[in-house]
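Q: The file below is protein02.csv, CSV, C-alpha atoms:
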```
chain,number,residue,atom,x,y,z
G,1,MET,CA,109.2,89.4,112.9
G,2,GLU,CA,106.3,91.8,113.0
G,3,PHE,CA,104.9,93.0,109.7
G,4,ARG,CA,102.4,95.8,108.9
G,5,PHE,CA,100.1,95.6,105.9
G,6,LEU,CA,98.0,98.4,104.4
G,7,HIS,CA,94.8,97.4,102.6
G,8,PHE,CA,93.4,100.3,100.6
G,9,TYR,CA,89.7,100.7,100.1
G,10,PRO,CA,88.4,97.1,100.9
G,11,ASP,CA,84.8,98.3,100.6
G,12,LEU,CA,85.3,99.9,97.1
G,13,MET,CA,87.8,97.5,95.6
G,14,SER,CA,86.8,94.0,96.5
G,15,LEU,CA,85.6,92.2,93.4
G,16,TYR,CA,86.5,88.6,92.5
G,17,GLY,CA,87.5,87.7,96.0
G,18,SER,CA,90.4,90.1,96.0
G,19,TYR,CA,90.7,90.0,99.8
G,20,GLY,CA,91.9,86.4,99.4
G,21,ASN,CA,95.3,87.8,98.2
G,22,ILE,CA,96.0,89.6,101.4
G,23,ALA,CA,94.5,86.9,103.5
G,24,VAL,CA,96.6,84.1,102.0
G,25,LEU,CA,99.8,86.2,102.3
G,26,ARG,CA,99.1,87.0,105.9
G,27,ARG,CA,98.5,83.3,106.6
G,28,TYR,CA,101.7,82.3,104.8
G,29,LEU,CA,103.8,84.7,106.9
G,30,GLU,CA,102.1,83.7,110.1
G,31,ARG,CA,102.9,80.0,109.4
G,32,LEU,CA,106.5,81.1,109.3
G,33,GLY,CA,106.2,82.4,112.9
G,34,ASN,CA,105.6,86.1,112.1
G,35,THR,CA,103.0,88.5,113.4
G,36,VAL,CA,101.0,90.4,110.8
G,37,ALA,CA,98.8,93.4,111.4
G,38,VAL,CA,96.5,94.4,108.6
G,39,GLU,CA,95.3,98.0,108.6
G,40,THR,CA,92.5,99.0,106.3
G,41,VAL,CA,92.4,102.5,104.7
G,42,SER,CA,89.1,104.0,103.7
G,43,PRO,CA,88.6,107.3,101.8
G,44,GLY,CA,89.7,110.3,103.9
G,45,GLU,CA,91.6,108.2,106.5
G,46,ALA,CA,95.3,108.7,107.2
G,47,ALA,CA,97.9,106.1,106.6
G,48,GLU,CA,101.6,105.9,107.2
G,49,VAL,CA,102.7,104.4,103.9
G,50,SER,CA,106.5,104.6,104.7
G,51,GLU,CA,106.1,102.4,107.7
G,52,ALA,CA,104.2,99.6,105.9
G,53,ASP,CA,105.8,96.3,104.9
G,54,PHE,CA,103.2,95.5,102.2
G,55,LEU,CA,100.6,97.6,100.3
G,56,PHE,CA,97.5,96.1,98.7
G,57,MET,CA,94.6,97.3,96.6
G,58,GLY,CA,92.1,94.8,95.1
G,59,ALA,CA,89.9,94.8,92.0
G,60,GLY,CA,86.9,97.0,91.6
G,61,THR,CA,84.5,98.1,88.9
G,62,GLU,CA,85.7,100.9,86.6
G,63,ARG,CA,83.5,103.4,88.5
G,64,SER,CA,84.8,102.2,91.9
G,65,ALA,CA,88.4,102.5,90.6
G,66,ARG,CA,87.8,106.1,89.6
G,67,THR,CA,86.3,106.8,93.0
G,68,ALA,CA,89.3,105.1,94.7
G,69,MET,CA,91.7,107.2,92.6
G,70,GLU,CA,90.1,110.4,93.8
G,71,ASP,CA,91.4,109.6,97.3
G,72,PHE,CA,94.4,107.6,96.4
G,73,ALA,CA,96.0,110.5,94.6
G,74,ARG,CA,97.1,112.0,98.0
G,75,PHE,CA,99.2,108.9,98.6
G,76,GLY,CA,100.8,108.9,95.2
G,77,GLY,CA,104.1,110.5,96.3
G,78,ALA,CA,104.4,108.2,99.3
G,79,VAL,CA,103.6,105.1,97.4
G,80,LYS,CA,106.2,105.9,94.7
G,81,ALA,CA,108.8,106.6,97.4
G,82,ALA,CA,108.0,103.3,99.1
G,83,ALA,CA,108.3,101.4,95.8
G,84,GLU,CA,111.7,103.0,95.1
G,85,ASP,CA,112.8,102.0,98.6
G,86,GLY,CA,111.9,98.4,97.9
G,87,ALA,CA,108.5,98.0,99.7
G,88,ALA,CA,106.5,95.1,98.6
G,89,MET,CA,103.0,95.8,97.1
G,90,LEU,CA,100.3,94.1,95.0
G,91,PHE,CA,97.7,96.0,92.9
G,92,ALA,CA,95.2,93.5,91.6
G,93,GLY,CA,92.6,93.9,88.8
G,94,THR,CA,91.6,97.5,88.0
G,95,ALA,CA,93.8,98.7,90.9
G,96,MET,CA,96.8,98.1,88.6
G,97,GLU,CA,95.6,100.8,86.2
G,98,LEU,CA,95.9,103.4,89.0
G,99,LEU,CA,99.7,103.0,89.0
G,100,GLY,CA,100.0,104.4,85.5
G,101,GLU,CA,99.9,107.8,84.0
G,102,ARG,CA,96.3,108.0,82.8
G,103,ILE,CA,93.0,106.1,82.5
G,104,THR,CA,90.6,107.0,79.7
G,105,GLU,CA,87.1,105.7,80.1
G,106,ALA,CA,84.8,104.4,77.4
G,107,ASP,CA,83.0,107.7,77.1
G,108,GLY,CA,86.3,109.5,76.5
G,109,ALA,CA,86.6,111.1,79.9
G,110,SER,CA,90.0,110.6,81.5
G,111,TYR,CA,91.8,111.0,84.8
G,112,ALA,CA,95.4,110.7,86.0
G,113,GLY,CA,96.9,107.8,87.9
G,114,ILE,CA,99.8,108.2,90.4
G,115,GLY,CA,102.4,107.9,87.7
G,116,LEU,CA,104.5,105.2,89.3
G,117,ALA,CA,105.0,103.8,85.8
G,118,GLY,CA,104.5,105.3,82.3
G,119,PHE,CA,101.7,103.1,81.0
G,120,SER,CA,98.2,104.2,80.3
G,121,THR,CA,94.8,102.5,80.0
G,122,VAL,CA,91.9,103.0,77.6
G,123,HIS,CA,88.6,101.4,78.4
G,124,GLY,CA,86.3,100.1,75.7
G,125,GLU,CA,82.6,99.0,75.5
G,126,THR,CA,83.5,95.3,75.2
G,127,ARG,CA,84.6,93.2,78.1
G,128,LEU,CA,87.5,90.9,77.7
G,129,ALA,CA,87.0,87.7,79.8
G,130,GLU,CA,89.1,84.6,79.5
G,131,ASP,CA,91.4,82.2,81.3
G,132,VAL,CA,95.1,83.1,81.2
G,133,TYR,CA,98.2,80.9,81.1
G,134,GLY,CA,101.5,82.8,81.1
G,135,ARG,CA,105.1,82.9,82.1
G,136,THR,CA,107.1,85.2,84.4
G,137,ASP,CA,110.8,85.5,84.8
G,138,LEU,CA,110.5,85.1,88.6
G,139,PHE,CA,110.2,81.3,88.6
G,140,PRO,CA,109.9,78.4,86.1
G,141,GLU,CA,106.2,77.5,86.8
G,142,ALA,CA,103.4,78.9,84.7
G,143,VAL,CA,101.1,81.6,86.1
G,144,VAL,CA,97.4,80.9,85.8
G,145,GLY,CA,94.3,83.0,86.4
G,146,PHE,CA,91.2,84.6,84.8
G,147,VAL,CA,90.9,88.1,83.3
G,148,ASN,CA,87.6,90.1,83.1
G,149,LYS,CA,88.3,93.7,82.0
G,150,CYS,CA,87.4,96.3,79.5
G,151,GLY,CA,90.8,98.1,79.4
G,152,ILE,CA,93.7,98.0,77.1
G,153,VAL,CA,97.0,98.8,78.8
G,154,THR,CA,99.8,100.2,76.7
G,155,GLY,CA,103.3,101.3,77.6
G,156,VAL,CA,104.2,98.7,80.2
G,157,GLU,CA,108.0,98.3,79.9
G,158,THR,CA,108.4,95.6,82.7
G,159,PRO,CA,105.4,93.2,82.6
G,160,LEU,CA,104.8,90.6,85.3
G,161,LEU,CA,104.1,88.0,82.7
G,162,MET,CA,106.7,88.3,80.0
G,163,ARG,CA,104.8,85.8,77.8
G,164,VAL,CA,101.1,84.9,77.7
G,165,GLU,CA,100.7,81.6,75.9
G,166,HIS,CA,96.9,81.5,76.2
G,167,GLY,CA,94.5,84.3,77.0
G,168,ILE,CA,94.5,88.1,77.2
G,169,GLY,CA,97.3,90.3,78.3
G,170,ASN,CA,97.8,94.0,78.7
G,171,GLU,CA,97.3,94.9,75.0
G,172,GLY,CA,95.1,92.0,73.9
G,173,ARG,CA,95.4,88.4,73.1
G,174,GLU,CA,98.7,86.7,73.9
G,175,THR,CA,100.5,89.9,74.9
G,176,PRO,CA,102.5,90.4,78.1
G,177,GLU,CA,100.4,91.0,81.2
G,178,GLY,CA,100.7,93.0,84.4
G,179,PHE,CA,103.5,95.1,85.7
G,180,HIS,CA,106.5,94.3,87.9
G,181,TRP,CA,109.2,96.7,89.1
G,182,LYS,CA,111.4,96.1,92.1
G,183,ASN,CA,109.0,94.6,94.6
G,184,VAL,CA,105.8,96.1,93.0
G,185,PHE,CA,103.5,93.3,91.7
G,186,ALA,CA,100.5,94.3,89.6
G,187,SER,CA,98.2,92.2,87.5
G,188,GLU,CA,94.6,92.2,86.2
G,189,LEU,CA,94.4,88.4,86.7
G,190,THR,CA,91.9,87.3,89.2
G,191,GLY,CA,91.6,84.1,91.1
G,192,PRO,CA,92.7,85.6,93.4
G,193,ILE,CA,96.1,85.5,91.8
G,194,LEU,CA,98.1,84.7,95.0
G,195,VAL,CA,95.7,82.0,96.0
G,196,LYS,CA,95.9,80.3,92.6
G,197,ASN,CA,99.7,80.6,92.2
G,198,PRO,CA,101.7,79.3,95.2
G,199,LYS,CA,105.0,80.4,93.6
G,200,LEU,CA,103.8,83.9,93.1
G,201,LEU,CA,102.7,83.9,96.8
G,202,GLU,CA,106.2,82.8,97.8
G,203,ALA,CA,107.7,85.5,95.6
G,204,ALA,CA,105.6,88.2,97.4
G,205,ALA,CA,106.6,86.9,100.8
G,206,ALA,CA,110.2,86.8,99.8
G,207,ALA,CA,110.0,90.4,98.7
G,208,ILE,CA,108.7,91.4,102.2
G,209,TYR,CA,111.5,89.5,103.8
G,210,ALA,CA,114.1,91.1,101.5
G,211,ARG,CA,113.0,94.6,102.5
G,212,ARG,CA,114.1,93.6,106.1
G,213,GLY,CA,117.4,92.2,104.8
G,214,GLU,CA,116.3,88.6,105.3
G,215,SER,CA,115.6,85.5,103.2
G,216,LEU,CA,112.6,83.2,103.5
G,217,PRO,CA,113.4,80.3,105.9
G,218,GLU,CA,114.7,77.3,103.9
G,219,ASP,CA,112.6,74.9,106.1
G,220,ARG,CA,109.0,75.9,105.3
G,221,ALA,CA,106.1,73.6,104.8
G,222,ALA,CA,104.2,73.6,101.5
G,223,ASP,CA,100.4,74.2,101.5
G,224,ASP,CA,99.3,70.8,100.0
G,225,TRP,CA,95.8,72.1,99.2
G,226,ALA,CA,97.1,75.1,97.3
G,227,GLU,CA,99.7,73.1,95.4
G,228,ARG,CA,97.1,70.5,94.4
G,229,GLY,CA,94.7,73.2,93.3
G,230,TYR,CA,97.3,74.9,91.2
G,231,ALA,CA,98.4,71.6,89.6
G,232,VAL,CA,94.8,70.8,88.5
G,233,THR,CA,94.3,74.3,87.0
G,234,GLU,CA,97.7,74.4,85.3
G,235,GLU,CA,97.2,71.0,83.7
G,236,GLU,CA,93.8,71.8,82.4
G,237,LEU,CA,94.8,75.1,80.9
G,238,ARG,CA,98.0,73.6,79.4
G,239,ARG,CA,95.9,70.9,77.7
G,240,ARG,CA,93.4,73.4,76.4
G,241,PHE,CA,96.3,75.5,75.0
G,242,ALA,CA,97.9,72.4,73.4
G,243,ARG,CA,94.7,71.5,71.5
G,244,LYS,CA,94.7,74.8,69.7
```
Mind turning this structure into structure tokens?
A:
Amino acid sequence: MEFRFLHFYPDLMSLYGSYGNIAVLRRYLERLGNTVAVETVSPGEAAEVSEADFLFMGAGTERSARTAMEDFARFGGAVKAAAEDGAAMLFAGTAMELLGERITEADGASYAGIGLAGFSTVHGETRLAEDVYGRTDLFPEAVVGFVNKCGIVTGVETPLLMRVEHGIGNEGRETPEGFHWKNVFASELTGPILVKNPKLLEAAAAAIYARRGESLPEDRAADDWAERGYAVTEEELRRRFARK
């Protein structure tokens, strides 16, 4: 199959190796015999959202996120329609905040998100930085990553991580983290999150296939390096959590 990815604002929203998310997903699909074309979208450029198989925006500074939103607003309706139609997408880091209703900055100024979901974000002066170990209802394995943010996200009804056993979630310590609805994945965990979590990478790929009415091939080789890296991180975080 041939897949088309849209990568929004790679120059603005590229912190924490965010590009690794789209790169590893592309490689995963290509290893299954598919062709993947990645189109980047810069401010002011046109993009056919409805024709994309996967949408991605990475992490950026709070200032970069606001700049990105000034342009991304014009795609709001198309992104919401694509999400409703089952398109797969990942919004990583501060990009997640743009899916909500409103973002309020530390100085009190605020601006609207695209309103795909009803949550809101309030930034503070203090950064919240910590390893995270949590659970999703998508698969049995834990999700691992690192969060470095200054925003508290409230009003998420369908989090990606239903339970955070160690670290910081949407509303603070050991609260649910991220957002998941249909085939929309959003999380402020860095790593990048799809690189660190092979099962989440598989879930994203499965969502892309599902939009085409297909299932992932049963005969697919595992990435030994990714699996080993995940195993080491998961074990270390689980031990640290158990000592508390």
Q: Mind pulling up the distance from atom CA of G:Gly191 to atom CA of G:Gly134?
A: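 Separation between atom CA of G:Gly134 and atom CA of G:Gly191: 14.1 Å.
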Q: Let me make sure I understand: among G:Leu201, G:Leu128, G:Val122, G:Leu161, which one has the smallest atom-to-atom distance to G:Ala222 if we use all atoms listed in the file?
A: G:Leu201
Q: Fewer than 5 positions away in the same chain doesn't count, so skip those; otherwise give me all residues within 8 Å of stretch 141-145 of chain G, counting all atoms listed in the file, as a PyMOL selection string.
A: chain G and resi 131-136+161+189-193+196-197+199-200+233-234
Q: Neighbours of G:Ser14 within 6 Å (all atoms listed in the file; same-chain residues fewer than 2 positions away dropped), as a list in words?
A: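 What passes the distance filter is Pro10, Ser18, Gly58, Ala59 and Gly60 of chain G.
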Q: With C-alpha atoms retained, could you export that selection as a PDB file, in the coordinates of the input?
A:
```pdb
ATOM      1  CA  PRO G  10      88.400  97.100 100.900  1.00  0.00           C
ATOM      2  CA  SER G  18      90.400  90.100  96.000  1.00  0.00           C
ATOM      3  CA  GLY G  58      92.100  94.800  95.100  1.00  0.00           C
ATOM      4  CA  ALA G  59      89.900  94.800  92.000  1.00  0.00           C
ATOM      5  CA  GLY G  60      86.900  97.000  91.600  1.00  0.00           C
TER       6      GLY G  60
END
```
Q: Just want the 8 Å neighbourhood of G:Gly178, counted on only C-alpha atoms, with same-chain residues fewer than 6 positions away dropped. Output as a list of chain:residue names.
A: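 Non-adjacent residues within range: G:Met96, G:Val156, G:Pro159, G:Leu160, G:Leu161, G:Gly169, G:Asn170, G:Phe185, G:Ala186, G:Ser187, G:Glu188.
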Q: Kindly indicate which residue among G:Asp53, G:Glu165, G:Glu45, G:Glu39 lies nearest to G:Phe72, using only C-alpha atoms for the distances.
A: G:Glu45
Q: Could you state the separation of atom CA of G:Thr154 and atom CA of G:Ile168 in Å, given to one decimal place?
A: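 Answer for the atom CA of G:Thr154 to atom CA of G:Ile168 separation: 13.2 Å.
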Q: Return the single residue from G:Ala78, G:Ala205, G:Ala92, G:Val195 that is closest to G:Leu15, with distances computed using only C-alpha atoms.
A: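 Of G:Ala78, G:Ala205, G:Ala92, G:Val195, the one nearest G:Leu15, counting only C-alpha atoms, is G:Ala92.
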Q: Hey, which of G:Pro217, G:Gly44, G:Gly108, G:Gly115 ends up closest to G:Val79? Count only C-alpha atoms.
A: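 Comparing G:Pro217, G:Gly44, G:Gly108, G:Gly115 against G:Val79, the winner is G:Gly115.
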Q: Please produce stretch 9-39 of chain G, completed to N, CA and C atoms, as a PDB file, in the coordinates of the input.
A:
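What ended up in out-v4.pdb:
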```pdb
ATOM      1  N   TYR G   9      91.057 100.626 100.603  1.00  0.00           N
ATOM      2  CA  TYR G   9      89.700 100.700 100.100  1.00  0.00           C
ATOM      3  C   TYR G   9      89.049  99.260  99.946  1.00  0.00           C
ATOM      4  N   PRO G  10      89.032  98.456 101.002  1.00  0.00           N
ATOM      5  CA  PRO G  10      88.400  97.100 100.900  1.00  0.00           C
ATOM      6  C   PRO G  10      86.934  97.150 100.545  1.00  0.00           C
ATOM      7  N   ASP G  11      86.239  98.235 100.889  1.00  0.00           N
ATOM      8  CA  ASP G  11      84.800  98.300 100.600  1.00  0.00           C
ATOM      9  C   ASP G  11      84.593  98.669  99.092  1.00  0.00           C
ATOM     10  N   LEU G  12      85.465  99.497  98.528  1.00  0.00           N
ATOM     11  CA  LEU G  12      85.300  99.900  97.100  1.00  0.00           C
ATOM     12  C   LEU G  12      85.916  98.893  96.159  1.00  0.00           C
ATOM     13  N   MET G  13      87.054  98.344  96.526  1.00  0.00           N
ATOM     14  CA  MET G  13      87.800  97.500  95.600  1.00  0.00           C
ATOM     15  C   MET G  13      87.920  96.093  96.145  1.00  0.00           C
ATOM     16  N   SER G  14      86.855  95.338  95.889  1.00  0.00           N
ATOM     17  CA  SER G  14      86.800  94.000  96.500  1.00  0.00           C
ATOM     18  C   SER G  14      86.148  92.957  95.601  1.00  0.00           C
ATOM     19  N   LEU G  15      86.196  93.174  94.282  1.00  0.00           N
ATOM     20  CA  LEU G  15      85.600  92.200  93.400  1.00  0.00           C
ATOM     21  C   LEU G  15      86.482  90.927  93.285  1.00  0.00           C
ATOM     22  N   TYR G  16      85.844  89.854  92.845  1.00  0.00           N
ATOM     23  CA  TYR G  16      86.500  88.600  92.500  1.00  0.00           C
ATOM     24  C   TYR G  16      87.296  87.995  93.685  1.00  0.00           C
ATOM     25  N   GLY G  17      86.823  88.242  94.890  1.00  0.00           N
ATOM     26  CA  GLY G  17      87.500  87.700  96.000  1.00  0.00           C
ATOM     27  C   GLY G  17      88.890  88.236  96.262  1.00  0.00           C
ATOM     28  N   SER G  18      89.107  89.501  95.889  1.00  0.00           N
ATOM     29  CA  SER G  18      90.400  90.100  96.000  1.00  0.00           C
ATOM     30  C   SER G  18      91.037  90.013  97.369  1.00  0.00           C
ATOM     31  N   TYR G  19      90.179  90.057  98.386  1.00  0.00           N
ATOM     32  CA  TYR G  19      90.700  90.000  99.800  1.00  0.00           C
ATOM     33  C   TYR G  19      91.483  88.727  99.995  1.00  0.00           C
ATOM     34  N   GLY G  20      91.195  87.690  99.215  1.00  0.00           N
ATOM     35  CA  GLY G  20      91.900  86.400  99.400  1.00  0.00           C
ATOM     36  C   GLY G  20      93.430  86.615  99.191  1.00  0.00           C
ATOM     37  N   ASN G  21      93.854  87.578  98.368  1.00  0.00           N
ATOM     38  CA  ASN G  21      95.300  87.800  98.200  1.00  0.00           C
ATOM     39  C   ASN G  21      95.974  88.198  99.473  1.00  0.00           C
ATOM     40  N   ILE G  22      95.415  89.157 100.186  1.00  0.00           N
ATOM     41  CA  ILE G  22      96.000  89.600 101.400  1.00  0.00           C
ATOM     42  C   ILE G  22      95.859  88.589 102.535  1.00  0.00           C
ATOM     43  N   ALA G  23      94.722  87.874 102.517  1.00  0.00           N
ATOM     44  CA  ALA G  23      94.500  86.900 103.500  1.00  0.00           C
ATOM     45  C   ALA G  23      95.457  85.704 103.430  1.00  0.00           C
ATOM     46  N   VAL G  24      95.715  85.237 102.200  1.00  0.00           N
ATOM     47  CA  VAL G  24      96.600  84.100 102.000  1.00  0.00           C
ATOM     48  C   VAL G  24      98.060  84.503 102.294  1.00  0.00           C
ATOM     49  N   LEU G  25      98.435  85.736 101.972  1.00  0.00           N
ATOM     50  CA  LEU G  25      99.800  86.200 102.300  1.00  0.00           C
ATOM     51  C   LEU G  25      99.989  86.353 103.764  1.00  0.00           C
ATOM     52  N   ARG G  26      98.997  86.851 104.428  1.00  0.00           N
ATOM     53  CA  ARG G  26      99.100  87.000 105.900  1.00  0.00           C
ATOM     54  C   ARG G  26      99.246  85.581 106.521  1.00  0.00           C
ATOM     55  N   ARG G  27      98.432  84.635 106.087  1.00  0.00           N
ATOM     56  CA  ARG G  27      98.500  83.300 106.600  1.00  0.00           C
ATOM     57  C   ARG G  27      99.881  82.661 106.356  1.00  0.00           C
ATOM     58  N   TYR G  28     100.421  82.885 105.162  1.00  0.00           N
ATOM     59  CA  TYR G  28     101.700  82.300 104.800  1.00  0.00           C
ATOM     60  C   TYR G  28     102.806  82.841 105.756  1.00  0.00           C
ATOM     61  N   LEU G  29     102.805  84.140 106.013  1.00  0.00           N
ATOM     62  CA  LEU G  29     103.800  84.700 106.900  1.00  0.00           C
ATOM     63  C   LEU G  29     103.625  84.279 108.339  1.00  0.00           C
ATOM     64  N   GLU G  30     102.379  84.145 108.766  1.00  0.00           N
ATOM     65  CA  GLU G  30     102.100  83.700 110.100  1.00  0.00           C
ATOM     66  C   GLU G  30     102.554  82.256 110.339  1.00  0.00           C
ATOM     67  N   ARG G  31     102.413  81.429 109.311  1.00  0.00           N
ATOM     68  CA  ARG G  31     102.900  80.000 109.400  1.00  0.00           C
ATOM     69  C   ARG G  31     104.386  79.967 109.567  1.00  0.00           C
ATOM     70  N   LEU G  32     105.084  81.014 109.157  1.00  0.00           N
ATOM     71  CA  LEU G  32     106.500  81.100 109.300  1.00  0.00           C
ATOM     72  C   LEU G  32     106.926  81.670 110.678  1.00  0.00           C
ATOM     73  N   GLY G  33     105.923  81.923 111.541  1.00  0.00           N
ATOM     74  CA  GLY G  33     106.200  82.400 112.900  1.00  0.00           C
ATOM     75  C   GLY G  33     106.171  83.904 113.059  1.00  0.00           C
ATOM     76  N   ASN G  34     105.689  84.620 112.056  1.00  0.00           N
ATOM     77  CA  ASN G  34     105.600  86.100 112.100  1.00  0.00           C
ATOM     78  C   ASN G  34     104.287  86.561 112.656  1.00  0.00           C
ATOM     79  N   THR G  35     104.252  87.823 113.048  1.00  0.00           N
ATOM     80  CA  THR G  35     103.000  88.500 113.400  1.00  0.00           C
ATOM     81  C   THR G  35     102.683  89.508 112.319  1.00  0.00           C
ATOM     82  N   VAL G  36     101.435  89.487 111.842  1.00  0.00           N
ATOM     83  CA  VAL G  36     101.000  90.400 110.800  1.00  0.00           C
ATOM     84  C   VAL G  36      99.804  91.188 111.180  1.00  0.00           C
ATOM     85  N   ALA G  37      99.929  92.492 111.120  1.00  0.00           N
ATOM     86  CA  ALA G  37      98.800  93.400 111.400  1.00  0.00           C
ATOM     87  C   ALA G  37      98.340  94.007 110.096  1.00  0.00           C
ATOM     88  N   VAL G  38      97.043  93.867 109.795  1.00  0.00           N
ATOM     89  CA  VAL G  38      96.500  94.400 108.600  1.00  0.00           C
ATOM     90  C   VAL G  38      95.633  95.645 108.930  1.00  0.00           C
ATOM     91  N   GLU G  39      96.008  96.798 108.382  1.00  0.00           N
ATOM     92  CA  GLU G  39      95.300  98.000 108.600  1.00  0.00           C
ATOM     93  C   GLU G  39      94.531  98.399 107.323  1.00  0.00           C
TER      94      GLU G  39
END
```
